[in-house]
$ cat entry-v9.cif   # mmCIF, C-alpha atoms and all ligand atoms
data_protein
#
loop_
_atom_site.label_atom_id
_atom_site.label_comp_id
_atom_site.auth_asym_id
_atom_site.auth_seq_id
_atom_site.Cartn_x
_atom_site.Cartn_y
_atom_site.Cartn_z
CA MET A 195 12.36 25.70 -5.28
CA GLU A 196 14.34 26.56 -2.21
CA VAL A 197 15.40 23.74 0.03
CA ALA A 198 15.15 23.79 3.79
CA GLU A 199 18.73 23.98 5.05
CA ASP A 200 18.35 23.91 8.79
CA LEU A 201 16.72 20.65 9.64
CA PRO A 202 17.86 19.35 13.01
CA ALA A 203 21.01 17.28 12.65
CA LEU A 204 19.36 14.52 14.61
CA TYR A 205 17.09 12.17 12.66
CA ARG A 206 17.42 13.63 9.19
CA LEU A 207 14.76 11.53 7.53
CA GLY A 208 14.06 11.73 3.80
CA ILE A 209 10.93 10.37 2.16
CA VAL A 210 10.99 9.69 -1.56
CA GLY A 211 7.48 10.35 -2.85
CA ALA A 212 4.89 12.78 -1.56
CA GLY A 213 1.51 11.11 -1.87
CA GLN A 214 -0.89 10.42 0.98
CA ILE A 215 1.31 7.73 2.52
CA ALA A 216 4.15 10.26 2.76
CA ARG A 217 1.70 12.86 4.06
CA MET A 218 0.57 10.67 6.95
CA THR A 219 4.11 9.44 7.61
CA HIS A 220 5.27 13.04 7.70
CA GLN A 221 2.50 13.94 10.16
CA SER A 222 3.52 11.21 12.56
CA ALA A 223 7.21 12.15 12.29
CA VAL A 224 6.33 15.76 13.10
CA LYS A 225 4.61 14.51 16.24
CA LEU A 226 7.98 13.12 17.34
CA GLY A 227 9.72 16.42 16.61
CA ILE A 228 11.20 15.16 13.36
CA THR A 229 10.58 17.08 10.14
CA PRO A 230 11.27 14.79 7.22
CA ARG A 231 12.36 16.09 3.87
CA LEU A 232 10.22 15.04 0.97
CA PHE A 233 11.30 14.20 -2.53
CA ALA A 234 8.15 15.28 -4.33
CA GLU A 235 7.32 15.10 -8.01
CA ARG A 236 4.99 18.10 -7.96
CA ILE A 237 4.37 20.96 -5.58
CA ASP A 238 0.69 19.99 -5.29
CA ASP A 239 1.49 16.39 -4.28
CA SER A 240 -0.52 15.46 -1.22
CA ALA A 241 2.40 15.52 1.25
CA ALA A 242 4.12 18.47 -0.42
CA GLN A 243 1.08 20.64 0.35
CA ALA A 244 1.29 19.73 4.00
CA ALA A 245 5.03 20.30 4.29
CA PRO A 246 6.17 22.88 1.73
CA GLU A 247 9.15 23.80 3.90
CA ALA A 248 10.51 20.31 3.67
CA VAL A 249 10.06 19.65 -0.01
CA PHE A 250 12.85 18.97 -2.43
CA ILE A 251 11.76 18.88 -6.04
CA HIS A 252 14.20 18.35 -8.85
CA PRO A 253 13.91 15.33 -11.07
CA ASP A 254 17.68 14.75 -11.23
CA ALA A 255 18.40 15.61 -7.64
CA LEU A 256 17.79 12.31 -5.91
CA ALA A 257 21.47 11.83 -5.05
CA SER A 258 21.88 15.26 -3.48
CA PHE A 259 18.57 14.82 -1.66
CA ALA A 260 19.84 11.56 -0.21
CA ALA A 261 23.18 13.11 0.71
CA ASP A 262 21.32 15.53 2.99
CA CYS A 263 19.51 12.75 4.81
CA GLU A 264 20.62 10.31 7.44
CA VAL A 265 17.99 7.75 6.42
CA VAL A 266 15.89 7.59 3.26
CA THR A 267 12.62 5.70 2.94
CA VAL A 268 10.46 5.29 -0.18
CA GLU A 269 6.68 5.72 -0.15
CA HIS A 270 5.69 4.19 -3.50
CA GLU A 271 6.82 1.52 -5.94
CA ARG A 272 7.07 3.61 -9.08
CA ILE A 273 10.67 4.76 -8.72
CA ASP A 274 13.45 3.14 -10.74
CA ILE A 275 15.09 0.48 -8.61
CA GLY A 276 18.42 1.20 -10.36
CA LEU A 277 18.39 4.71 -8.93
CA LEU A 278 17.83 3.35 -5.43
CA GLN A 279 20.57 0.80 -5.86
CA ALA A 280 22.98 3.56 -6.91
CA LEU A 281 22.08 5.50 -3.76
CA GLU A 282 22.75 2.50 -1.59
CA GLU A 283 26.07 1.83 -3.31
CA ASN A 284 27.04 5.43 -2.61
CA GLY A 285 26.42 4.96 1.08
CA THR A 286 22.82 6.12 1.58
CA LEU A 287 21.09 4.37 4.44
CA LEU A 288 18.01 3.27 2.52
CA ARG A 289 15.38 1.69 4.77
CA PRO A 290 13.99 -0.67 3.76
CA GLY A 291 16.95 -1.50 1.56
CA THR A 292 16.95 -2.65 -2.06
CA LYS A 293 16.93 -6.29 -1.00
CA THR A 294 13.39 -5.77 0.32
CA ILE A 295 12.36 -3.17 -2.23
CA ARG A 296 13.28 -5.32 -5.22
CA VAL A 297 10.95 -8.06 -4.02
CA ALA A 298 8.15 -5.56 -3.43
CA PHE A 299 8.58 -3.60 -6.68
CA ASP A 300 8.72 -6.32 -9.29
CA LYS A 301 5.81 -8.76 -9.10
CA MET A 302 7.48 -11.34 -11.39
CA HIS A 303 10.62 -11.33 -9.27
CA GLN A 304 8.44 -11.46 -6.16
CA ARG A 305 6.52 -14.51 -7.38
CA ARG A 306 9.75 -16.31 -8.37
CA VAL A 307 11.48 -15.63 -5.07
CA LEU A 308 8.44 -16.61 -3.01
CA ARG A 309 7.86 -19.80 -4.98
CA ASN A 310 11.54 -20.76 -4.76
CA ARG A 311 11.40 -20.33 -1.01
CA GLY A 312 8.39 -22.60 -0.74
CA TYR A 313 5.60 -20.06 -0.19
CA GLN A 314 2.15 -20.64 -1.69
CA VAL A 315 1.67 -18.28 -4.64
CA PRO A 316 -0.69 -18.51 -7.63
CA ALA A 317 0.82 -20.16 -10.73
CA PHE A 318 2.26 -17.41 -12.92
CA ALA A 319 4.13 -16.75 -16.16
CA GLU A 320 5.89 -13.96 -17.93
CA VAL A 321 3.91 -12.49 -20.84
CA ARG A 322 5.88 -11.42 -23.91
CA GLY A 323 2.96 -11.83 -26.30
CA PRO A 324 -0.43 -13.54 -26.79
CA ASP A 325 1.12 -17.01 -27.12
CA ASP A 326 2.39 -16.86 -23.54
CA VAL A 327 -1.16 -16.16 -22.33
CA PHE A 328 -2.64 -18.91 -24.50
CA ASP A 329 -0.03 -21.45 -23.32
CA PHE A 330 -0.72 -20.44 -19.73
CA ALA A 331 -4.48 -20.79 -20.25
CA SER A 332 -3.98 -24.23 -21.80
CA ALA A 333 -2.14 -25.32 -18.67
CA HIS A 334 -4.29 -23.58 -16.04
CA GLY A 335 -7.58 -22.71 -17.80
CA PHE A 336 -9.52 -19.45 -18.06
CA PRO A 337 -10.13 -17.07 -16.42
CA VAL A 338 -6.57 -15.84 -16.43
CA VAL A 339 -5.47 -12.84 -14.37
CA LEU A 340 -3.27 -10.41 -16.27
CA LYS A 341 -1.43 -7.87 -14.18
CA THR A 342 1.27 -5.27 -14.53
CA VAL A 343 4.68 -6.40 -13.32
CA ARG A 344 5.29 -2.98 -11.80
CA ALA A 345 2.79 -1.07 -9.68
CA ALA A 346 0.15 0.71 -11.73
CA GLN A 347 0.01 4.50 -11.66
CA PRO A 348 -2.41 5.77 -8.99
CA GLY A 349 -5.97 5.61 -10.27
CA GLU A 350 -5.02 3.25 -13.11
CA LEU A 351 -5.98 -0.38 -13.34
CA GLY A 352 -3.21 -2.91 -12.90
CA VAL A 353 -5.23 -6.15 -12.90
CA TRP A 354 -7.55 -7.65 -15.53
CA VAL A 355 -9.42 -10.91 -15.23
CA VAL A 356 -9.81 -12.23 -18.78
CA GLU A 357 -12.34 -14.94 -19.58
CA ASP A 358 -11.16 -15.97 -23.04
CA ARG A 359 -8.60 -15.47 -25.79
CA THR A 360 -10.41 -12.49 -27.31
CA GLU A 361 -10.42 -10.60 -24.03
CA ALA A 362 -6.80 -11.47 -23.45
CA MET A 363 -5.88 -10.12 -26.89
CA ARG A 364 -7.78 -6.92 -26.20
CA VAL A 365 -5.99 -6.27 -22.89
CA LEU A 366 -2.61 -7.06 -24.45
CA ALA A 367 -3.29 -4.71 -27.37
CA GLU A 368 -4.47 -1.89 -25.12
CA ARG A 369 -1.59 -2.32 -22.69
CA SER A 370 1.22 -3.09 -25.11
CA HIS A 371 3.35 -0.37 -23.46
CA LEU A 372 3.33 -2.22 -20.11
CA ASP A 373 5.13 -5.33 -18.90
CA LEU A 374 2.42 -7.83 -18.01
CA MET A 375 2.34 -11.21 -16.34
CA ALA A 376 -0.27 -13.95 -16.27
CA GLU A 377 -1.55 -15.54 -13.12
CA GLU A 378 -3.89 -18.33 -12.18
CA TYR A 379 -7.28 -17.08 -11.04
CA GLN A 380 -7.82 -17.72 -7.33
CA SER A 381 -11.17 -18.49 -5.75
CA ILE A 382 -10.84 -15.99 -2.95
CA VAL A 383 -12.83 -16.47 0.24
CA LYS A 384 -11.33 -13.41 1.93
CA GLU A 385 -8.50 -10.97 1.30
CA ILE A 386 -6.48 -10.17 4.38
CA VAL A 387 -3.46 -8.01 5.06
CA VAL A 388 -0.89 -8.52 7.79
CA LEU A 389 1.19 -5.48 8.61
CA VAL A 390 4.53 -6.17 10.20
CA VAL A 391 6.80 -3.44 11.44
CA ARG A 392 10.44 -4.39 11.89
CA ARG A 393 13.58 -2.66 13.14
CA PRO A 394 16.98 -3.17 11.52
CA GLY A 395 18.07 -5.54 14.29
CA GLY A 396 15.06 -7.79 13.67
CA HIS A 397 12.69 -6.77 16.44
CA ALA A 398 9.24 -6.95 14.85
CA ARG A 399 5.57 -6.55 15.69
CA CYS A 400 2.35 -7.35 13.87
CA TYR A 401 -0.79 -5.25 13.75
CA PRO A 402 -4.25 -6.78 14.08
CA ILE A 403 -4.99 -8.52 10.79
CA ALA A 404 -7.12 -6.46 8.41
CA GLU A 405 -9.67 -7.71 5.93
CA ILE A 406 -10.23 -5.84 2.68
CA THR A 407 -13.20 -5.71 0.36
CA ASN A 408 -12.44 -4.80 -3.23
CA ARG A 409 -14.63 -3.21 -5.81
CA ASP A 410 -13.42 -2.78 -9.41
CA GLY A 411 -9.97 -4.00 -8.37
CA GLU A 412 -9.66 -1.23 -5.73
CA ALA A 413 -9.79 -1.68 -1.97
CA ARG A 414 -12.90 0.12 -0.76
CA GLU A 415 -13.54 -1.07 2.75
CA ILE A 416 -11.07 -2.32 5.35
CA ARG A 417 -11.99 -3.83 8.67
CA ALA A 418 -9.86 -4.96 11.58
CA PRO A 419 -9.67 -7.39 13.14
CA ALA A 420 -10.43 -9.69 10.22
CA ALA A 421 -13.21 -12.20 10.83
CA ILE A 422 -10.97 -15.25 10.75
CA GLY A 423 -10.29 -17.96 13.30
CA HIS A 424 -7.46 -17.92 15.81
CA ARG A 425 -5.49 -20.69 14.09
CA LEU A 426 -5.59 -18.97 10.71
CA ALA A 427 -4.68 -15.61 12.24
CA THR A 428 -1.65 -17.18 13.93
CA GLU A 429 -0.59 -18.82 10.68
CA ALA A 430 -0.97 -15.54 8.76
CA ARG A 431 1.04 -13.58 11.35
CA GLN A 432 3.79 -16.18 11.37
CA LEU A 433 3.95 -16.15 7.60
CA ALA A 434 4.24 -12.36 7.53
CA LEU A 435 6.93 -12.32 10.22
CA ASP A 436 8.90 -15.00 8.33
CA LEU A 437 8.72 -12.93 5.15
CA ALA A 438 9.81 -9.77 6.98
CA ASN A 439 12.80 -11.62 8.39
CA GLN A 440 13.73 -13.36 5.14
CA PHE A 441 13.72 -10.13 3.16
CA GLU A 442 15.26 -8.13 6.01
CA ALA A 443 12.38 -5.67 5.91
CA VAL A 444 12.78 -2.46 7.85
CA GLY A 445 9.73 -0.33 8.59
CA VAL A 446 6.30 -1.57 7.60
CA LEU A 447 5.99 -4.64 5.40
CA ALA A 448 2.41 -5.24 4.24
CA VAL A 449 1.70 -8.84 3.36
CA GLU A 450 -1.47 -9.21 1.27
CA LEU A 451 -2.87 -12.72 1.48
CA PHE A 452 -5.72 -14.52 -0.23
CA LEU A 453 -7.62 -16.91 1.93
CA THR A 454 -8.71 -19.58 -0.55
CA THR A 455 -10.39 -22.93 -0.08
CA GLU A 456 -6.84 -24.37 -0.31
CA GLY A 457 -5.52 -22.15 2.48
CA LEU A 458 -3.42 -18.99 2.54
CA VAL A 459 -1.82 -17.78 -0.69
CA VAL A 460 0.55 -14.82 -0.85
CA ASN A 461 -0.79 -12.14 -3.19
CA GLU A 462 1.55 -9.24 -2.78
CA LEU A 463 4.15 -7.60 -0.56
CA ALA A 464 4.43 -3.85 -0.11
CA ALA A 465 7.47 -2.47 1.68
CA ARG A 466 5.80 0.66 3.08
CA PRO A 467 2.76 1.72 5.11
CA HIS A 468 -0.35 0.36 3.42
CA ASN A 469 -3.93 1.41 2.82
CA ALA A 470 -5.10 -1.46 5.02
CA GLY A 471 -3.25 0.13 7.94
CA HIS A 472 -4.74 3.61 7.82
CA LEU A 473 -7.17 2.58 10.55
CA THR A 474 -4.25 2.00 12.93
CA ILE A 475 -4.19 5.81 13.39
CA GLU A 476 -7.35 5.47 15.48
CA SER A 477 -7.42 1.81 16.44
CA CYS A 478 -3.93 1.09 17.81
CA PRO A 479 -1.72 2.88 20.35
CA THR A 480 0.93 3.48 17.67
CA SER A 481 -0.10 3.97 14.05
CA GLN A 482 1.63 2.19 11.19
CA PHE A 483 3.03 5.56 10.11
CA GLU A 484 4.62 6.36 13.44
CA ASN A 485 6.03 2.87 13.74
CA HIS A 486 7.41 3.11 10.22
CA VAL A 487 9.24 6.28 11.20
CA ARG A 488 10.44 4.70 14.43
CA ALA A 489 11.63 1.54 12.67
CA VAL A 490 13.52 3.21 9.83
CA LEU A 491 15.27 5.45 12.36
CA ASP A 492 15.96 2.39 14.52
CA LEU A 493 13.98 3.75 17.47
CA PRO A 494 11.93 1.60 19.87
CA LEU A 495 8.63 0.43 18.36
CA GLY A 496 5.32 1.35 19.93
CA PRO A 497 2.57 -1.09 20.82
CA THR A 498 0.46 -2.44 17.97
CA TRP A 499 -2.34 -4.12 19.88
CA PRO A 500 -5.94 -3.09 19.14
CA SER A 501 -7.16 -0.30 21.37
CA ALA A 502 -10.72 -0.70 20.02
CA PRO A 503 -12.71 -3.90 19.45
CA ALA A 504 -13.62 -2.99 15.86
CA ALA A 505 -12.37 -0.55 13.24
CA VAL A 506 -13.52 0.15 9.69
CA THR A 507 -11.95 2.35 7.02
CA ILE A 508 -13.70 3.29 3.81
CA ASN A 509 -11.70 4.89 1.03
CA VAL A 510 -13.10 8.07 -0.43
CA ILE A 511 -12.83 7.72 -4.19
CA GLY A 512 -13.33 10.47 -6.76
CA THR A 513 -16.59 10.17 -8.67
CA ILE A 514 -17.19 10.47 -12.37
CA ASP A 515 -18.52 14.04 -12.08
CA GLY A 516 -15.19 15.22 -10.62
CA TYR A 517 -16.94 16.48 -7.49
CA ASP A 518 -14.68 17.44 -4.55
CA PRO A 519 -15.74 15.62 -1.34
CA ALA A 520 -14.12 18.43 0.67
CA GLN A 521 -17.19 20.49 -0.22
CA HIS A 522 -19.21 18.21 2.03
CA LEU A 523 -16.78 18.34 4.94
CA PRO A 524 -19.32 19.94 7.31
CA GLU A 525 -21.85 17.14 6.76
CA ALA A 526 -19.17 14.48 7.19
CA LEU A 527 -17.84 16.08 10.37
CA ALA A 528 -21.37 16.04 11.73
CA VAL A 529 -21.20 12.23 11.77
CA GLU A 530 -19.94 12.08 15.30
CA GLY A 531 -17.26 9.54 16.03
CA ALA A 532 -16.15 9.11 12.41
CA GLN A 533 -12.66 10.32 11.57
CA ILE A 534 -12.29 12.15 8.28
CA HIS A 535 -9.00 12.15 6.40
CA LEU A 536 -8.74 14.15 3.18
CA TYR A 537 -5.51 14.15 1.21
CA GLY A 538 -5.83 17.55 -0.49
CA LYS A 539 -5.74 15.95 -3.93
CA LEU A 540 -7.39 17.29 -7.05
CA PRO A 541 -10.60 15.29 -7.53
CA LYS A 542 -10.53 12.90 -10.48
CA PRO A 543 -12.74 9.91 -11.19
CA GLY A 544 -11.35 6.81 -9.49
CA ARG A 545 -8.70 8.76 -7.55
CA LYS A 546 -8.23 8.01 -3.85
CA LEU A 547 -8.99 11.39 -2.27
CA GLY A 548 -9.20 10.42 1.37
CA HIS A 549 -10.57 7.88 3.79
CA VAL A 550 -12.85 7.73 6.77
CA THR A 551 -12.33 5.53 9.80
CA ALA A 552 -14.66 4.62 12.61
CA VAL A 553 -13.89 2.57 15.70
CA ALA A 554 -16.62 1.07 17.85
CA ASP A 555 -17.52 -1.72 20.22
CA ASP A 556 -18.57 -3.96 17.34
CA MET A 557 -18.02 -4.18 13.61
CA ASP A 558 -21.59 -3.31 12.60
CA GLN A 559 -21.49 -0.07 14.53
CA ALA A 560 -18.07 0.86 13.15
CA ARG A 561 -19.16 0.11 9.60
CA GLU A 562 -22.38 2.05 9.97
CA LEU A 563 -20.55 5.14 11.19
CA ALA A 564 -17.89 4.92 8.48
CA ARG A 565 -20.51 4.43 5.77
CA ARG A 566 -22.48 7.42 6.96
CA ALA A 567 -19.39 9.61 6.93
CA GLU A 568 -18.28 8.43 3.49
CA ALA A 569 -21.76 8.94 2.07
CA ALA A 570 -21.88 12.42 3.60
CA LEU A 571 -18.65 13.35 1.81
CA HIS A 572 -20.31 12.35 -1.45
CA GLY A 573 -23.46 14.29 -0.55
CA ARG A 574 -25.66 11.20 -0.45
CA ARG A 575 -27.17 8.72 1.98
CA PRO A 576 -25.26 5.54 2.92
CA LEU A 577 -25.57 2.77 0.30
P1 LIG A 601 -2.60 -4.02 -7.02
O1 LIG A 601 -1.13 -3.92 -6.96
O2 LIG A 601 -3.22 -3.20 -8.10
O3 LIG A 601 -3.26 -3.88 -5.68
P2 LIG A 601 -3.14 -6.85 -6.77
O4 LIG A 601 -2.24 -7.87 -7.34
O5 LIG A 601 -3.15 -6.70 -5.29
O6 LIG A 601 -2.86 -5.49 -7.52
O7 LIG A 601 -4.62 -7.16 -7.23
C1 LIG A 601 -5.73 -6.31 -6.97
C2 LIG A 601 -6.95 -7.17 -6.71
O8 LIG A 601 -7.23 -8.00 -7.84
C3 LIG A 601 -6.75 -8.15 -5.55
O9 LIG A 601 -6.98 -7.53 -4.34
C4 LIG A 601 -7.76 -9.24 -5.92
O10 LIG A 601 -9.06 -8.86 -5.55
C5 LIG A 601 -7.67 -9.28 -7.43
N1 LIG A 601 -6.67 -10.32 -7.84
C6 LIG A 601 -5.34 -10.16 -8.02
N2 LIG A 601 -4.74 -11.32 -8.35
C7 LIG A 601 -5.70 -12.25 -8.40
C8 LIG A 601 -5.73 -13.65 -8.70
N3 LIG A 601 -4.62 -14.31 -9.02
N4 LIG A 601 -6.92 -14.28 -8.62
C9 LIG A 601 -8.08 -13.62 -8.31
N5 LIG A 601 -8.12 -12.30 -8.04
C10 LIG A 601 -6.96 -11.61 -8.08
#
$ encode --input "entry-v9.cif" --output "structure tokens"
Amino acid sequence: MEVAEDLPALYRLGIVGAGQIARMTHQSAVKLGITPRLFAERIDDSAAQAAPEAVFIHPDALASFAADCEVVTVEHERIDIGLLQALEENGTLLRPGTKTIRVAFDKMHQRRVLRNRGYQVPAFAEVRGPDDVFDFASAHGFPVVLKTVRAAQPGELGVWVVEDRTEAMRVLAERSHLDLMAEEYQSIVKEIVVLVVRRPGGHARCYPIAEITNRDGEAREIRAPAAIGHRLATEARQLALDLANQFEAVGVLAVELFLTTEGLVVNELAARPHNAGHLTIESCPTSQFENHVRAVLDLPLGPTWPSAPAAVTINVIGTIDGYDPAQHLPEALAVEGAQIHLYGKLPKPGRKLGHVTAVADDMDQARELARRAEAALHGRRPL
């Protein structure tokens, strides 16, 4: 594959990974006159399709890719942290840096660091074999949540709620190739996500808090602002800003929180633009993707306030029959006011193929529009 040689000397941004997050980040960089280079795995990766001129594919070429870039940012958690560390040691300006990335990539490490710093996290333990799960269950009771220490592959499950020893044994046997950890089951009232965007010098802004609804362990519907009180929203924002400062995040840091009957519990940190922030494209003056680009290049951040009273995103997930929602694009586009985003990915069951967003004067209207558009893409009526 030939590599683009003549990118402007100014703002040579490299993105490692070429999925939909990279695709949307790339689009917002292009708006600013910046053409990022992409380190893709495959030529049909979502972002690689949209930017073939800027793609760099060679499994062993990460170092030379980085050498061509002024700043490198990473769009997913599946890359070897050792490789990133080596880049940083060789002088690559990695943003966010490995200090942040390490916390985001390794859930065991993340839990330990957060607990040691006094944040509320579920009780957890390393799992080397069934006895670790049984000991954990003796201390905390069933159900136990088993999860992969590293991010699951797209479309694959990374979390299992097991009700008893037999189920635990089954998951461990089926997933013996993965590093797993055990976690105390949380009675979740709501799941919320705070997106912070932060520049290297520490200037940071929060987006309106989003609320996510999961089905089968996958986020399906996201709404913003979350239906939570002012006091809780302030606490959640403060918590997210503290975390961004403590881990010296640069770019978007997504802080996933569980609202439980005991208060806010940190679920997970992601050091990149996040699915819960896709609606910022339509519902805020500056999207999470543009602000990520601005932050990693140390440019002034744009406003993050809500420009619409209510916004809803619904993920478009591949169905069991392998049907391509793009075939129903005309029907979906006929749902006026809904914004359709398709990622150009090969349809597979369970795969995130796109999302739809609707903004409106109230949440019911926004949800109704988004549901109609999502249903249209699947060739059915809204559920
Ligand atoms: P992923 O990296 O796959 O998103 P998460 O750790 O965010 O994994 O978990 C996915 C979903 O599983 C969460 O959004 C939540 O609904 C559920 N979940 C995860 N951990 C727990 C827990 N300790 N207690 C209850 N539900 C959980």
$ atom_distance --input "entry-v9.cif" --atom1 "CA of Asn461 in chain A" --atom2 "CA of Glu568 in chain A"
27.8 Å
$ atom_distance --input "entry-v9.cif" --atom1 "CA of Glu247 in chain A" --atom2 "CA of Gln279 in chain A"
27.5 Å
$ residues_around --input "entry-v9.cif" --residues "Glu530 in chain A" --least-positions-apart "4" --cutoff "10 Å" --atoms "only C-alpha atoms" --output "PyMOL selection string"
chain A and resi 526+552+563+566-567
$ residues_around --input "entry-v9.cif" --residues "Pro503 in chain A" --least-positions-apart "2" --cutoff "8 Å" --atoms "only C-alpha atoms" --output "list in words"
Pro419, Pro500, Ser501, Ala505, Val553, Ala554, Asp555, Asp556 and Met557 of chain A
$ closest_residue --input "entry-v9.cif" --among "A:Gly573, A:Gly352, A:Pro246, A:Pro479" --to "Ala520 in chain A" --atoms "all atoms listed in the file"
A:Gly573
$ axis_aligned_box --input "entry-v9.cif" --around "ligand LIG 601 (chain A)" --padding-each-side "8 Å" --output "JSON"
{"center_x": -5.1, "center_y": -8.8, "center_z": -6.7, "size_x": 23.9, "size_y": 27.1, "size_z": 20.7}
$ residues_around --input "entry-v9.cif" --residues "Pro337 in chain A" --least-positions-apart "4" --cutoff "12 Å" --atoms "all atoms listed in the file" --output "list in words"
Val327, Phe328, Phe330, Ala331, Ser332, Ala333, Trp354, Val355, Val356, Glu357, Asp358, Arg359, Thr360, Glu361, Ala362, Ala376, Glu377, Glu378, Tyr379, Gln380 and Ser381 of chain A
$ residues_near_ligand --input "entry-v9.cif" --ligand "ligand LIG 601 (chain A)" --cutoff "9 Å" --atoms "all atoms listed in the file" --output "ChimeraX atom specification"
/A:301,315-318,337-346,350-355,376-382,385,406-413,450-452,461-464
$ write_last_selection --input "entry-v9.cif" --atoms "C-alpha atoms" --output "PDB file, in the frame of the given file"
ATOM      1  CA  LYS A 301       5.810  -8.760  -9.100  1.00  0.00           C
ATOM      2  CA  VAL A 315       1.670 -18.280  -4.640  1.00  0.00           C
ATOM      3  CA  PRO A 316      -0.690 -18.510  -7.630  1.00  0.00           C
ATOM      4  CA  ALA A 317       0.820 -20.160 -10.730  1.00  0.00           C
ATOM      5  CA  PHE A 318       2.260 -17.410 -12.920  1.00  0.00           C
ATOM      6  CA  PRO A 337     -10.130 -17.070 -16.420  1.00  0.00           C
ATOM      7  CA  VAL A 338      -6.570 -15.840 -16.430  1.00  0.00           C
ATOM      8  CA  VAL A 339      -5.470 -12.840 -14.370  1.00  0.00           C
ATOM      9  CA  LEU A 340      -3.270 -10.410 -16.270  1.00  0.00           C
ATOM     10  CA  LYS A 341      -1.430  -7.870 -14.180  1.00  0.00           C
ATOM     11  CA  THR A 342       1.270  -5.270 -14.530  1.00  0.00           C
ATOM     12  CA  VAL A 343       4.680  -6.400 -13.320  1.00  0.00           C
ATOM     13  CA  ARG A 344       5.290  -2.980 -11.800  1.00  0.00           C
ATOM     14  CA  ALA A 345       2.790  -1.070  -9.680  1.00  0.00           C
ATOM     15  CA  ALA A 346       0.150   0.710 -11.730  1.00  0.00           C
ATOM     16  CA  GLU A 350      -5.020   3.250 -13.110  1.00  0.00           C
ATOM     17  CA  LEU A 351      -5.980  -0.380 -13.340  1.00  0.00           C
ATOM     18  CA  GLY A 352      -3.210  -2.910 -12.900  1.00  0.00           C
ATOM     19  CA  VAL A 353      -5.230  -6.150 -12.900  1.00  0.00           C
ATOM     20  CA  TRP A 354      -7.550  -7.650 -15.530  1.00  0.00           C
ATOM     21  CA  VAL A 355      -9.420 -10.910 -15.230  1.00  0.00           C
ATOM     22  CA  ALA A 376      -0.270 -13.950 -16.270  1.00  0.00           C
ATOM     23  CA  GLU A 377      -1.550 -15.540 -13.120  1.00  0.00           C
ATOM     24  CA  GLU A 378      -3.890 -18.330 -12.180  1.00  0.00           C
ATOM     25  CA  TYR A 379      -7.280 -17.080 -11.040  1.00  0.00           C
ATOM     26  CA  GLN A 380      -7.820 -17.720  -7.330  1.00  0.00           C
ATOM     27  CA  SER A 381     -11.170 -18.490  -5.750  1.00  0.00           C
ATOM     28  CA  ILE A 382     -10.840 -15.990  -2.950  1.00  0.00           C
ATOM     29  CA  GLU A 385      -8.500 -10.970   1.300  1.00  0.00           C
ATOM     30  CA  ILE A 406     -10.230  -5.840   2.680  1.00  0.00           C
ATOM     31  CA  THR A 407     -13.200  -5.710   0.360  1.00  0.00           C
ATOM     32  CA  ASN A 408     -12.440  -4.800  -3.230  1.00  0.00           C
ATOM     33  CA  ARG A 409     -14.630  -3.210  -5.810  1.00  0.00           C
ATOM     34  CA  ASP A 410     -13.420  -2.780  -9.410  1.00  0.00           C
ATOM     35  CA  GLY A 411      -9.970  -4.000  -8.370  1.00  0.00           C
ATOM     36  CA  GLU A 412      -9.660  -1.230  -5.730  1.00  0.00           C
ATOM     37  CA  ALA A 413      -9.790  -1.680  -1.970  1.00  0.00           C
ATOM     38  CA  GLU A 450      -1.470  -9.210   1.270  1.00  0.00           C
ATOM     39  CA  LEU A 451      -2.870 -12.720   1.480  1.00  0.00           C
ATOM     40  CA  PHE A 452      -5.720 -14.520  -0.230  1.00  0.00           C
ATOM     41  CA  ASN A 461      -0.790 -12.140  -3.190  1.00  0.00           C
ATOM     42  CA  GLU A 462       1.550  -9.240  -2.780  1.00  0.00           C
ATOM     43  CA  LEU A 463       4.150  -7.600  -0.560  1.00  0.00           C
ATOM     44  CA  ALA A 464       4.430  -3.850  -0.110  1.00  0.00           C
TER      45      ALA A 464
END
$ closest_residue --input "entry-v9.cif" --among "A:Arg545, A:Arg488, A:Arg311, A:His535" --to "Lys225 in chain A" --atoms "all atoms listed in the file"
A:Arg488
$ closest_atom_pairs --input "entry-v9.cif" --of "range 251-310 of chain A" --to "range 235-243 of chain A" --cutoff "12 Å" --atoms "only C-alpha atoms" --output "tab-separated table"
residue	atom	partner	partner_atom	distance
A:Ile251	CA	A:Glu235	CA	6.2
A:His252	CA	A:Glu235	CA	7.7
A:Pro253	CA	A:Glu235	CA	7.3
A:Asp254	CA	A:Glu235	CA	10.9
A:Ala255	CA	A:Glu235	CA	11.1
A:Leu256	CA	A:Glu235	CA	11.0
A:Glu269	CA	A:Ala241	CA	10.8
A:His270	CA	A:Glu235	CA	11.9
A:Arg272	CA	A:Glu235	CA	11.5
A:Ile273	CA	A:Glu235	CA	10.9
$ atom_distance --input "entry-v9.cif" --atom1 "CA of Gly512 in chain A" --atom2 "CA of His572 in chain A"
9.0 Å
$ closest_residue --input "entry-v9.cif" --among "A:Ala570, A:Val487, A:Val266, A:Val383" --to "Gly227 in chain A" --atoms "all atoms listed in the file"
A:Val487
$ residues_around --input "entry-v9.cif" --residues "Gly312 in chain A" --least-positions-apart "2" --cutoff "12 Å" --atoms "only C-alpha atoms" --output "PyMOL selection string"
chain A and resi 305-310+314-315+433+436-437+459-460
$ closest_residue --input "entry-v9.cif" --among "A:Gln221, A:Thr480, A:Gln347, A:Thr507" --to "Gly544 in chain A" --atoms "all atoms listed in the file"
A:Gln347
$ closest_atom_pairs --input "entry-v9.cif" --of "range 540-565 of chain A" --to "range 214-220 of chain A" --cutoff "10 Å" --atoms "all atoms listed in the file" --output "JSON lines"
{"residue": "A:Lys546", "atom": "CA", "partner": "A:Gln214", "partner_atom": "CA", "distance": 9.1}
{"residue": "A:Leu547", "atom": "CA", "partner": "A:Gln214", "partner_atom": "CA", "distance": 8.8}
{"residue": "A:Gly548", "atom": "CA", "partner": "A:Gln214", "partner_atom": "CA", "distance": 8.3}
